[in-house]
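**Student:** Okay, here's the structure, questions in a sec.
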Protein chains: 2
Amino acid sequence: MSEFDAVDVIRTKRDGARLSDEQIDGVIDAYTRRLIPDEQMSALLMAIFLRGMHPGELTRWTAAMIDSGVRMDLSTVDRRTVDKHSTGGVGDKITLPLAPLVAACGAAVPQLSGRGLGHTGGTLDKLESIPGWRATVSNADYLAQLRDVGAVVCAAGDDLAPADKLLYALRDVTGTVESIPLIASSIMSKKIAEGAEAIVLDVKVGSGAFMKDVETARVLAETMVGLGAAHGVRTIALLTAMDVPLGRTAGNALEVTEAVEVLAGGGPPDVVELTITLAREMLEAVGLSTVDPADALRDGRAMDTWRAMIAAQGGDPDAALPTAPERHVVTAEASGVLTGLDAYAVGVAAWRLGAGRARKEDPVSAVAGVVVLAEPGERVEAGSPLLELHTDDPARIPRALAALHGAVELDGTADRLPLLIDRIGA
Amino acid sequence: MSEFDAVDVIRTKRDGARLSDEQIDGVIDAYTRRLIPDEQMSALLMAIFLRGMHPGELTRWTAAMIDSGVRMDLSTVDRRTVDKHSTGGVGDKITLPLAPLVAACGAAVPQLSGRGLGHTGGTLDKLESIPGWRATVSNADYLAQLRDVGAVVCAAGDDLAPADKLLYALRDVTGTVESIPLIASSIMSKKIAEGAEAIVLDVKVGSGAFMKDVETARVLAETMVGLGAAHGVRTIALLTAMDVPLGRTAGNALEVTEAVEVLAGGGPPDVVELTITLAREMLEAVGLSTVDPADALRDGRAMDTWRAMIAAQGGDPDAALPTAPERHVVTAEASGVLTGLDAYAVGVAAWRLGAGRARKEDPVSAVAGVVVLAEPGERVEAGSPLLELHTDDPARIPRALAALHGAVELDGTADRLPLLIDRIGA
């Protein structure tokens, strides 16, 4: 595509018109092959941000992103295939118990995952706190593990929607992240390319999530459900709460520990409830609704699958996880009912303690994070422990405490979001 | 300015808010020093394109562009200083007779000019068809020529609004050219940095101009007049017609020849009328309205100043100008009244014949262009000559003829624009 054509595409969207199929295919293909420079693509992204996209236009845009790489062929996997994706929340470790649970119930869960960026953690970062565990899996091993174990969580290869990798990095530095069509096409291009028959989306809503309000989250959910359907993939979205952290931990090894508690039949009630709810949706989506995931959690089958899944990628499911050398307890400043614990603040605190990265090249700490000692709804006394901060580096504690300023609410009157807010999709 | 701050500036404008003075100064300064990459600036430009700018915000943006370089000091010039700028039209050679005419009437005209790009010619390209003439003038020679001759038309130095040079090139490839605030700040930053006390703007309207309709042209004119006033420069704008070519020539040496005819007291009536009208505005703007430019044109004083101006920059005012070895006459297909001759088509034809450039690195031909042989309003007979195409290269003629397809209108009923459409400014 020549420079002239790229300017023509930019102008079309800038003036509010719909891009033609040829324009979309041409611009995504040329950008992936680095024939269109970043300054032209960023102008187009800003025009899309401000002008939006027609549903048919977005379907084609997403298809072009999928076609920038390969769409995985899972036909040799002798199970129904279904994946789940979360838009990201603080303490959201649900994939860890969920993937083995759904596999234990008979489906296969092919999850190609990413790293965390900003205040929400990445699933691969969490699993890498397990000694020996490897995020990289060959294509042959991937298919074999899906057949034999039923669940793989590993790093996506370079051939999975490469256009998205480039666009995501560009959006990050050009103020074009928070756009429904751009978010929806980024998520769905990767998930559809993964090749599963069905996708269940967990769209988080609240201070700790990307979507701060229910209405915007609903539009994103509906957009993604529509994109899945347009590509022949059954897609369901749940809108779930992210006003307070999910469970009682935010941080890599800390969240793995909590996930193992859930697989052992314990764990925080919200994590258990959301895991079972999502598992039911996933099984239902591929015609396995006669199986009750609560049974598989109770009787140890999910734990067995977890151990097999970790071992298959070199991890030792019996190894002790690393723990933080430096801890700091945050106490209640007064007595009262703990009515709020701001998820975003807790996420930023965990990030500053070392659990997350600011740039994709940064390393993350396995041990850093936040443990919630008093649950929202509980009565606390002045001086009683509320949070425990974990880190390798005590110098990080003051900045984490600064992030938590005003995060604790006592005797407040605002309504909490219900854990399950809504369900989108047929 | 760090990357984080640039994203913050982009987001502010993207969301429709007004940029702060600090954001504007920071982003222009950092971009000029290449600390902000093109992909961030192009996203900001698209956001400005679609969100617009508040007048105060645009004033600051323009000030920051001026401050990216130097504002010339003309205090050693012992004359009132006034310049003119045209937004560009086909056959617009008005600067050539106008600058010496106004200088002959007692003012000084400091014109730092650019090259042509696209279908409208550049004043420097036209003057360079005069043997020996140099566009580059040292700062000391510039001031001396302004004092002694009263008029300089030369190339702007790299220190005149360097931010505009970078932004202009970026806008060209990112679909962000046609934005009133971006056009207005580009023109006015250069003109204000030039240091004249007053500026008269010739805002062209019609097919051959950047602004196709009177209403958009009026908004641009009002915006530029406001920017001039905000920077303490008296600014007047005339809206003038560009539906048909100005005068009877479009091309470099061809237009110089026509300009010399005007200075000799002849020339096409529209060129003479616009030259005198603009000269009156310029003289009036610096308190010299008792001088009648029509007299200076008639009695040869303007021609004397022209000769001095050309000679001061190494040009030989008596040298024969180069002429085209290849010519092609376009004749009328039928008999009737010539009611229309599309300026844009004639401009593109001249460009394709070699008079203009597609990229700023391209050379231009001194001799190429179009001569209008039958004036709009005239009755023509089938087979009589309408246009003469001039070029170095006969292979260019077919593409020029293709550009002229449908450009000639016989016995049409549409209204022509009056030469002087409106005047903006006090």
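If you're wondering about the labels, chains in the structure tokens are A, B, ... by order shown, residues count from 1 in each chain, ligands from 1 in order shown.
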Find the residues around segment 364-381 of chain A up to 9 Å (only C-alpha atoms counted), leave out those fewer than 3 positions away in its own chain, and share them as an mmCIF file with C-alpha atoms, in the first residue's frame.
**Tutor:**
```cif
data_model
loop_
_atom_site.group_PDB
_atom_site.id
_atom_site.type_symbol
_atom_site.label_atom_id
_atom_site.label_comp_id
_atom_site.auth_asym_id
_atom_site.auth_seq_id
_atom_site.Cartn_x
_atom_site.Cartn_y
_atom_site.Cartn_z
ATOM 1 C CA ASP A 125 3.518 -13.713 35.707
ATOM 2 C CA LYS A 126 1.520 -15.476 38.405
ATOM 3 C CA GLU A 128 5.983 -18.143 36.767
ATOM 4 C CA SER A 129 6.196 -17.852 40.547
ATOM 5 C CA ILE A 130 5.910 -21.687 40.595
ATOM 6 C CA VAL A 244 -13.026 -4.219 45.688
ATOM 7 C CA PRO A 245 -10.168 -6.683 45.050
ATOM 8 C CA GLY A 247 -10.362 -12.607 46.938
ATOM 9 C CA ARG A 248 -7.816 -11.655 49.549
ATOM 10 C CA THR A 249 -4.595 -11.375 47.581
ATOM 11 C CA ALA A 250 -3.066 -9.280 44.783
ATOM 12 C CA GLY A 251 0.415 -10.365 43.698
ATOM 13 C CA ASN A 252 1.966 -13.260 41.832
ATOM 14 C CA ALA A 253 2.866 -16.095 44.279
ATOM 15 C CA LEU A 254 0.208 -14.790 46.703
ATOM 16 C CA GLU A 255 -2.500 -15.349 44.092
ATOM 17 C CA LEU A 321 6.296 -20.838 46.661
ATOM 18 C CA PRO A 322 8.643 -17.952 47.388
ATOM 19 C CA THR A 323 7.583 -15.548 50.139
ATOM 20 C CA ALA A 324 8.379 -11.913 50.768
ATOM 21 C CA PRO A 325 11.236 -10.958 53.099
ATOM 22 C CA GLU A 326 9.725 -7.541 53.830
ATOM 23 C CA ALA A 332 -7.447 0.672 60.820
ATOM 24 C CA GLU A 333 -7.295 4.346 61.793
ATOM 25 C CA ALA A 334 -10.646 4.147 63.585
ATOM 26 C CA SER A 335 -13.304 1.626 64.552
ATOM 27 C CA GLY A 336 -16.269 0.939 62.283
ATOM 28 C CA VAL A 337 -17.648 -1.237 59.524
ATOM 29 C CA LEU A 338 -15.222 -1.679 56.590
ATOM 30 C CA THR A 339 -17.557 -0.651 53.783
ATOM 31 C CA GLY A 340 -15.042 -0.035 51.017
ATOM 32 C CA LEU A 341 -11.553 -1.055 49.936
ATOM 33 C CA VAL A 346 -4.847 -1.877 46.084
ATOM 34 C CA GLY A 347 -3.795 -2.713 42.520
ATOM 35 C CA ALA A 349 -0.029 -0.555 45.732
ATOM 36 C CA ALA A 350 0.727 -4.150 44.612
ATOM 37 C CA TRP A 351 2.241 -2.793 41.406
ATOM 38 C CA ARG A 352 4.459 -0.350 43.299
ATOM 39 C CA LEU A 353 5.519 -3.125 45.692
ATOM 40 C CA GLY A 354 6.929 -4.938 42.639
ATOM 41 C CA ALA A 355 4.114 -7.246 41.488
ATOM 42 C CA GLY A 356 3.560 -5.441 38.170
ATOM 43 C CA ARG A 357 5.515 -3.669 35.499
ATOM 44 C CA SER A 384 -6.569 -3.768 64.002
ATOM 45 C CA PRO A 385 -4.801 -5.085 60.863
ATOM 46 C CA LEU A 386 -6.429 -4.346 57.478
ATOM 47 C CA LEU A 387 -3.766 -5.090 54.869
ATOM 48 C CA GLU A 388 -0.324 -6.669 54.739
ATOM 49 C CA LEU A 389 2.118 -5.325 52.155
ATOM 50 C CA HIS A 390 4.696 -7.784 50.789
ATOM 51 C CA THR A 391 7.859 -6.798 48.930
ATOM 52 C CA ASP A 392 11.516 -7.610 48.273
ATOM 53 C CA ASP A 393 12.486 -3.998 48.775
ATOM 54 C CA LEU A 410 -15.328 2.948 57.236
#
```
**Student:** Report as a short mmCIF file (atom, residue, chain, number, x, y, z; two decimals) with C-alpha atoms, in the first residue's frame all protein, DNA and RNA residues lying within 9 Å of Gly114 of chain A, evaluated on only C-alpha atoms, omitting residues in the same chain fewer than 2 positions from it.
**Tutor:**
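Final output, part34.cif:
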```cif
data_model
loop_
_atom_site.label_atom_id
_atom_site.label_comp_id
_atom_site.auth_asym_id
_atom_site.auth_seq_id
_atom_site.Cartn_x
_atom_site.Cartn_y
_atom_site.Cartn_z
CA LEU A 112 -2.79 -18.21 25.11
CA GLY A 116 0.52 -7.90 33.08
CA GLY A 122 -0.81 -11.11 34.20
CA THR A 123 -1.64 -14.81 34.44
CA LEU A 124 1.76 -15.84 33.08
CA ASP A 125 3.52 -13.71 35.71
CA CYS A 154 0.98 -20.44 27.97
CA ALA A 155 2.50 -17.51 26.09
CA ALA A 156 1.02 -16.66 22.70
#
```
**Student:** Would you compute the distance between atom CA of Val286 of chain A and atom CA of Ala198 of chain A? Give it in Å to one decimal.
**Tutor:**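 Taking atom CA of Val286 of chain A and atom CA of Ala198 of chain A, their separation equals 6.8 Å.
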**Student:** Show which residues sit within 6 Å of Lys84 of chain B, as a list in words. Count only C-alpha atoms, and ignore same-chain residues fewer than 6 positions away.
**Tutor:** Ile199, Val200 and Leu201 of chain B
**Student:** Counting only C-alpha atoms, which residues from chain B have an atom at most 8 Å from any atom of chain A, and could you show them as a list in words?
**Tutor:** Glu3, Phe4, Val7, Asp8, Ile10, Arg11, Arg14, Asp38, Glu39, Gln40, Met41, Ser42, Ala43, Leu44, Leu45, Met46, Ala47, Leu50, Leu170, Val173, Thr174 and Gly175 of chain B
**Student:** Please save N, CA, C and O atoms of the selected residues as a CSV table (one decimal), in the first residue's frame.
**Tutor:**
```csv
chain,number,residue,atom,x,y,z
B,3,GLU,N,7.5,10.8,28.0
B,3,GLU,CA,6.4,10.1,27.3
B,3,GLU,C,5.0,10.2,28.0
B,3,GLU,O,4.0,10.5,27.4
B,4,PHE,N,5.1,10.1,29.3
B,4,PHE,CA,3.9,10.1,30.1
B,4,PHE,C,3.1,11.4,29.8
B,4,PHE,O,1.9,11.5,29.6
B,7,VAL,N,1.3,11.7,26.4
B,7,VAL,CA,0.1,11.0,26.4
B,7,VAL,C,-1.0,11.8,27.1
B,7,VAL,O,-2.2,11.8,26.7
B,8,ASP,N,-0.6,12.4,28.2
B,8,ASP,CA,-1.6,13.2,29.0
B,8,ASP,C,-2.1,14.4,28.1
B,8,ASP,O,-3.3,14.7,28.1
B,10,ILE,N,-2.3,14.4,24.8
B,10,ILE,CA,-3.1,13.8,23.8
B,10,ILE,C,-4.5,13.5,24.3
B,10,ILE,O,-5.5,13.8,23.7
B,11,ARG,N,-4.5,12.9,25.5
B,11,ARG,CA,-5.8,12.6,26.1
B,11,ARG,C,-6.7,13.8,26.4
B,11,ARG,O,-7.9,13.7,26.3
B,14,ARG,N,-8.1,14.9,23.1
B,14,ARG,CA,-8.9,13.8,22.7
B,14,ARG,C,-10.3,13.9,23.4
B,14,ARG,O,-11.4,13.7,22.8
B,38,ASP,N,7.0,11.2,16.2
B,38,ASP,CA,5.9,11.6,15.3
B,38,ASP,C,4.6,10.9,15.6
B,38,ASP,O,3.5,11.5,15.4
B,39,GLU,N,4.6,9.6,16.0
B,39,GLU,CA,3.3,8.9,16.3
B,39,GLU,C,2.5,9.6,17.4
B,39,GLU,O,1.3,9.5,17.4
B,40,GLN,N,3.2,10.2,18.3
B,40,GLN,CA,2.4,10.9,19.4
B,40,GLN,C,1.9,12.2,18.8
B,40,GLN,O,0.7,12.6,19.1
B,41,MET,N,2.7,13.0,18.1
B,41,MET,CA,2.2,14.2,17.6
B,41,MET,C,1.1,14.0,16.6
B,41,MET,O,0.2,14.8,16.5
B,42,SER,N,1.2,13.0,15.8
B,42,SER,CA,0.1,12.8,14.8
B,42,SER,C,-1.2,12.5,15.4
B,42,SER,O,-2.3,12.9,15.0
B,43,ALA,N,-1.2,11.7,16.5
B,43,ALA,CA,-2.4,11.4,17.3
B,43,ALA,C,-3.0,12.7,17.9
B,43,ALA,O,-4.2,13.0,17.8
B,44,LEU,N,-2.1,13.6,18.4
B,44,LEU,CA,-2.5,14.9,18.9
B,44,LEU,C,-3.1,15.8,17.8
B,44,LEU,O,-4.2,16.4,17.9
B,45,LEU,N,-2.5,15.8,16.6
B,45,LEU,CA,-3.0,16.6,15.5
B,45,LEU,C,-4.4,16.1,15.0
B,45,LEU,O,-5.2,16.9,14.7
B,46,MET,N,-4.6,14.8,15.0
B,46,MET,CA,-5.9,14.3,14.6
B,46,MET,C,-6.9,14.6,15.7
B,46,MET,O,-8.1,15.0,15.4
B,47,ALA,N,-6.5,14.6,17.0
B,47,ALA,CA,-7.5,15.0,18.0
B,47,ALA,C,-7.8,16.5,17.9
B,47,ALA,O,-8.9,16.9,18.0
B,50,LEU,N,-10.2,16.9,15.0
B,50,LEU,CA,-11.6,16.5,15.2
B,50,LEU,C,-12.3,17.3,16.4
B,50,LEU,O,-13.5,17.4,16.5
B,170,LEU,N,4.5,16.5,8.8
B,170,LEU,CA,3.7,15.4,9.4
B,170,LEU,C,2.2,15.5,9.0
B,170,LEU,O,1.6,14.4,8.7
B,173,VAL,N,1.2,13.8,5.6
B,173,VAL,CA,1.2,12.3,5.5
B,173,VAL,C,0.2,11.7,6.5
B,173,VAL,O,0.0,10.5,6.5
B,174,THR,N,-0.5,12.5,7.3
B,174,THR,CA,-1.4,11.9,8.3
B,174,THR,C,-2.8,12.4,8.2
B,174,THR,O,-3.6,12.2,9.1
B,175,GLY,N,-3.2,13.0,7.1
B,175,GLY,CA,-4.6,13.4,6.9
B,175,GLY,C,-5.0,14.5,7.8
B,175,GLY,O,-6.2,14.5,8.2
```
**Student:** Mind listing the alpha helix (DSSP H) residues of segment 5-207 of chain B, per DSSP on the backbone, as a PyMOL selection string?
**Tutor:** chain B and resi 5-14+21-32+38-51+55-67+95-104+123-127+139-148+162-173+180-193
**Student:** Keeping only C-alpha atoms, write those residues as a compact mmCIF listing (two decimals), in the first residue's frame.
**Tutor:**
```
# COMPACT_ATOMS: atom_id res chain seq x y z
CA ASP B 5 3.24 13.82 29.70
CA ALA B 6 2.78 13.59 25.93
CA VAL B 7 0.06 10.97 26.40
CA ASP B 8 -1.58 13.23 28.96
CA VAL B 9 -1.65 16.10 26.44
CA ILE B 10 -3.11 13.81 23.75
CA ARG B 11 -5.81 12.55 26.14
CA THR B 12 -6.75 16.07 27.20
CA LYS B 13 -7.45 17.15 23.63
CA ARG B 14 -8.95 13.77 22.68
CA ASP B 21 -0.49 26.83 28.51
CA GLU B 22 2.08 24.47 30.07
CA GLN B 23 0.85 21.54 27.97
CA ILE B 24 1.02 23.60 24.76
CA ASP B 25 4.46 25.08 25.46
CA GLY B 26 5.76 21.68 26.55
CA VAL B 27 4.48 19.69 23.60
CA ILE B 28 5.64 22.18 20.93
CA ASP B 29 9.05 22.63 22.54
CA ALA B 30 9.60 18.89 22.99
CA TYR B 31 8.42 18.08 19.47
CA THR B 32 10.71 20.72 17.96
CA ASP B 38 5.90 11.60 15.28
CA GLU B 39 3.33 8.94 16.25
CA GLN B 40 2.42 10.90 19.39
CA MET B 41 2.25 14.23 17.58
CA SER B 42 0.11 12.81 14.76
CA ALA B 43 -2.40 11.43 17.29
CA LEU B 44 -2.53 14.90 18.88
CA LEU B 45 -2.97 16.56 15.47
CA MET B 46 -5.89 14.25 14.64
CA ALA B 47 -7.45 15.02 18.02
CA ILE B 48 -7.06 18.76 17.29
CA PHE B 49 -8.49 18.20 13.80
CA LEU B 50 -11.63 16.55 15.22
CA ARG B 51 -12.01 18.45 18.52
CA PRO B 55 -9.35 30.84 20.49
CA GLY B 56 -7.15 31.38 23.56
CA GLU B 57 -5.70 27.91 23.21
CA LEU B 58 -4.92 28.54 19.54
CA THR B 59 -3.25 31.86 20.39
CA ARG B 60 -0.94 30.05 22.82
CA TRP B 61 -0.31 27.22 20.33
CA THR B 62 0.68 29.81 17.72
CA ALA B 63 2.88 31.65 20.24
CA ALA B 64 4.66 28.39 21.07
CA MET B 65 5.25 27.78 17.34
CA ILE B 66 6.71 31.30 16.98
CA ASP B 67 8.87 30.73 20.07
CA THR B 95 3.37 39.06 -4.69
CA LEU B 96 5.65 39.79 -7.64
CA PRO B 97 4.17 43.19 -8.61
CA LEU B 98 2.76 43.89 -5.12
CA ALA B 99 5.95 43.82 -3.02
CA PRO B 100 7.83 46.38 -5.15
CA LEU B 101 4.68 48.49 -5.56
CA VAL B 102 4.16 48.81 -1.80
CA ALA B 103 7.87 49.47 -1.32
CA ALA B 104 7.71 52.18 -3.99
CA THR B 123 6.73 32.53 -5.25
CA LEU B 124 10.39 31.46 -4.90
CA ASP B 125 9.98 28.98 -7.77
CA LYS B 126 8.64 31.79 -9.94
CA LEU B 127 11.46 34.21 -9.11
CA ASN B 139 20.33 38.28 7.71
CA ALA B 140 22.46 41.41 7.28
CA ASP B 141 21.71 41.65 3.53
CA TYR B 142 18.02 41.11 4.29
CA LEU B 143 17.86 44.11 6.62
CA ALA B 144 19.96 46.24 4.26
CA GLN B 145 17.73 45.40 1.29
CA LEU B 146 14.62 46.24 3.30
CA ARG B 147 16.09 49.63 4.16
CA ASP B 148 17.51 50.42 0.71
CA PRO B 162 10.90 25.44 12.97
CA ALA B 163 7.98 23.72 14.72
CA ASP B 164 5.85 24.60 11.70
CA LYS B 165 8.24 22.92 9.27
CA LEU B 166 8.03 19.67 11.23
CA LEU B 167 4.26 19.87 11.78
CA TYR B 168 3.56 20.74 8.15
CA ALA B 169 5.45 17.69 6.88
CA LEU B 170 3.71 15.44 9.42
CA ARG B 171 0.22 16.81 8.62
CA ASP B 172 0.81 16.11 4.94
CA VAL B 173 1.16 12.33 5.50
CA ILE B 180 -8.76 25.64 10.48
CA PRO B 181 -6.70 25.94 13.70
CA LEU B 182 -3.78 24.01 12.20
CA ILE B 183 -3.81 26.02 8.96
CA ALA B 184 -4.23 29.33 10.79
CA SER B 185 -1.41 28.64 13.27
CA SER B 186 0.89 27.43 10.50
CA ILE B 187 0.44 30.59 8.42
CA MET B 188 0.34 33.07 11.27
CA SER B 189 3.30 31.64 13.22
CA LYS B 190 5.52 32.18 10.19
CA LYS B 191 4.07 35.58 9.33
CA ILE B 192 4.22 36.92 12.91
CA ALA B 193 7.79 35.59 13.33
```
**Student:** Taking the backbone alone, and naming residues the way the document does, which bits of segment 207-416 of chain A are strand (DSSP E or B) by DSSP, as JSON, numbers by chain?
**Tutor:** {"A": [211, 234, 235, 236, 237, 238, 239, 240, 241, 249, 250, 251, 326, 327, 328, 329, 330, 331, 336, 337, 338, 339, 340, 341, 369, 370, 371, 372, 379, 380, 385, 386, 387, 388, 389, 390, 391, 408, 409, 410]}
**Student:** What does the structure give for the distance between atom CA of Gly226 of chain A and atom CA of Glu281 of chain A, in Å to one decimal?
**Tutor:**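 Pair atom CA of Gly226 of chain A / atom CA of Glu281 of chain A returns 17.2 Å.
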**Student:** Find the residues around Pro131 of chain B up to 9 Å (only C-alpha atoms counted), leave out those fewer than 5 positions away in its own chain, and share them as a PyMOL selection string.
**Tutor:** chain B and resi 314-317+319-322
**Student:** Mind checking which residues fall within 8 Å of Leu283 of chain B, counting only C-alpha atoms, ignoring those fewer than 3 positions away in the same chain, and posting them as number ranges by chain?
**Tutor:** B: 82, 102, 105, 107, 279-280, 286-289, 291
**Student:** Output N, CA and C atoms for every residue in that selection, as an mmCIF file, in the first residue's frame.
**Tutor:**
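Dumped to again04.cif:
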```cif
data_model
loop_
_atom_site.group_PDB
_atom_site.id
_atom_site.type_symbol
_atom_site.label_atom_id
_atom_site.label_comp_id
_atom_site.auth_asym_id
_atom_site.auth_seq_id
_atom_site.Cartn_x
_atom_site.Cartn_y
_atom_site.Cartn_z
ATOM 1 N N VAL B 82 5.172 45.939 6.457
ATOM 2 C CA VAL B 82 3.881 45.268 6.225
ATOM 3 C C VAL B 82 4.093 44.149 5.211
ATOM 4 N N VAL B 102 4.342 48.284 -3.162
ATOM 5 C CA VAL B 102 4.161 48.810 -1.802
ATOM 6 C C VAL B 102 5.457 49.463 -1.320
ATOM 7 N N CYS B 105 5.822 52.839 -2.608
ATOM 8 C CA CYS B 105 4.936 53.795 -1.945
ATOM 9 C C CYS B 105 5.428 54.143 -0.537
ATOM 10 N N ALA B 107 6.543 51.909 2.145
ATOM 11 C CA ALA B 107 6.624 50.902 3.207
ATOM 12 C C ALA B 107 7.751 49.915 2.899
ATOM 13 N N ALA B 279 -2.432 46.426 -2.261
ATOM 14 C CA ALA B 279 -1.466 47.487 -1.935
ATOM 15 C C ALA B 279 -2.132 48.555 -1.073
ATOM 16 N N ARG B 280 -3.355 48.919 -1.409
ATOM 17 C CA ARG B 280 -4.069 49.935 -0.610
ATOM 18 C C ARG B 280 -4.267 49.451 0.819
ATOM 19 N N VAL B 286 -0.487 50.505 7.665
ATOM 20 C CA VAL B 286 0.654 51.121 8.341
ATOM 21 C C VAL B 286 0.641 52.649 8.195
ATOM 22 N N GLY B 287 -0.590 53.177 8.030
ATOM 23 C CA GLY B 287 -0.740 54.634 8.073
ATOM 24 C C GLY B 287 -0.180 55.381 6.872
ATOM 25 N N LEU B 288 -0.101 54.710 5.728
ATOM 26 C CA LEU B 288 0.418 55.376 4.527
ATOM 27 C C LEU B 288 -0.675 55.513 3.470
ATOM 28 N N SER B 289 -1.931 55.732 3.940
ATOM 29 C CA SER B 289 -3.041 55.682 2.993
ATOM 30 C C SER B 289 -3.123 56.913 2.108
ATOM 31 N N VAL B 291 -0.841 57.724 0.076
ATOM 32 C CA VAL B 291 -0.146 57.382 -1.168
ATOM 33 C C VAL B 291 -1.054 56.497 -2.025
#
```
**Student:** As an exercise, work out the distance from atom CA of Met211 of chain B to atom CA of Val408 of chain B in Å and give it to one decimal place.
**Tutor:**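 Atom CA of Met211 of chain B sits 21.1 Å away from atom CA of Val408 of chain B.
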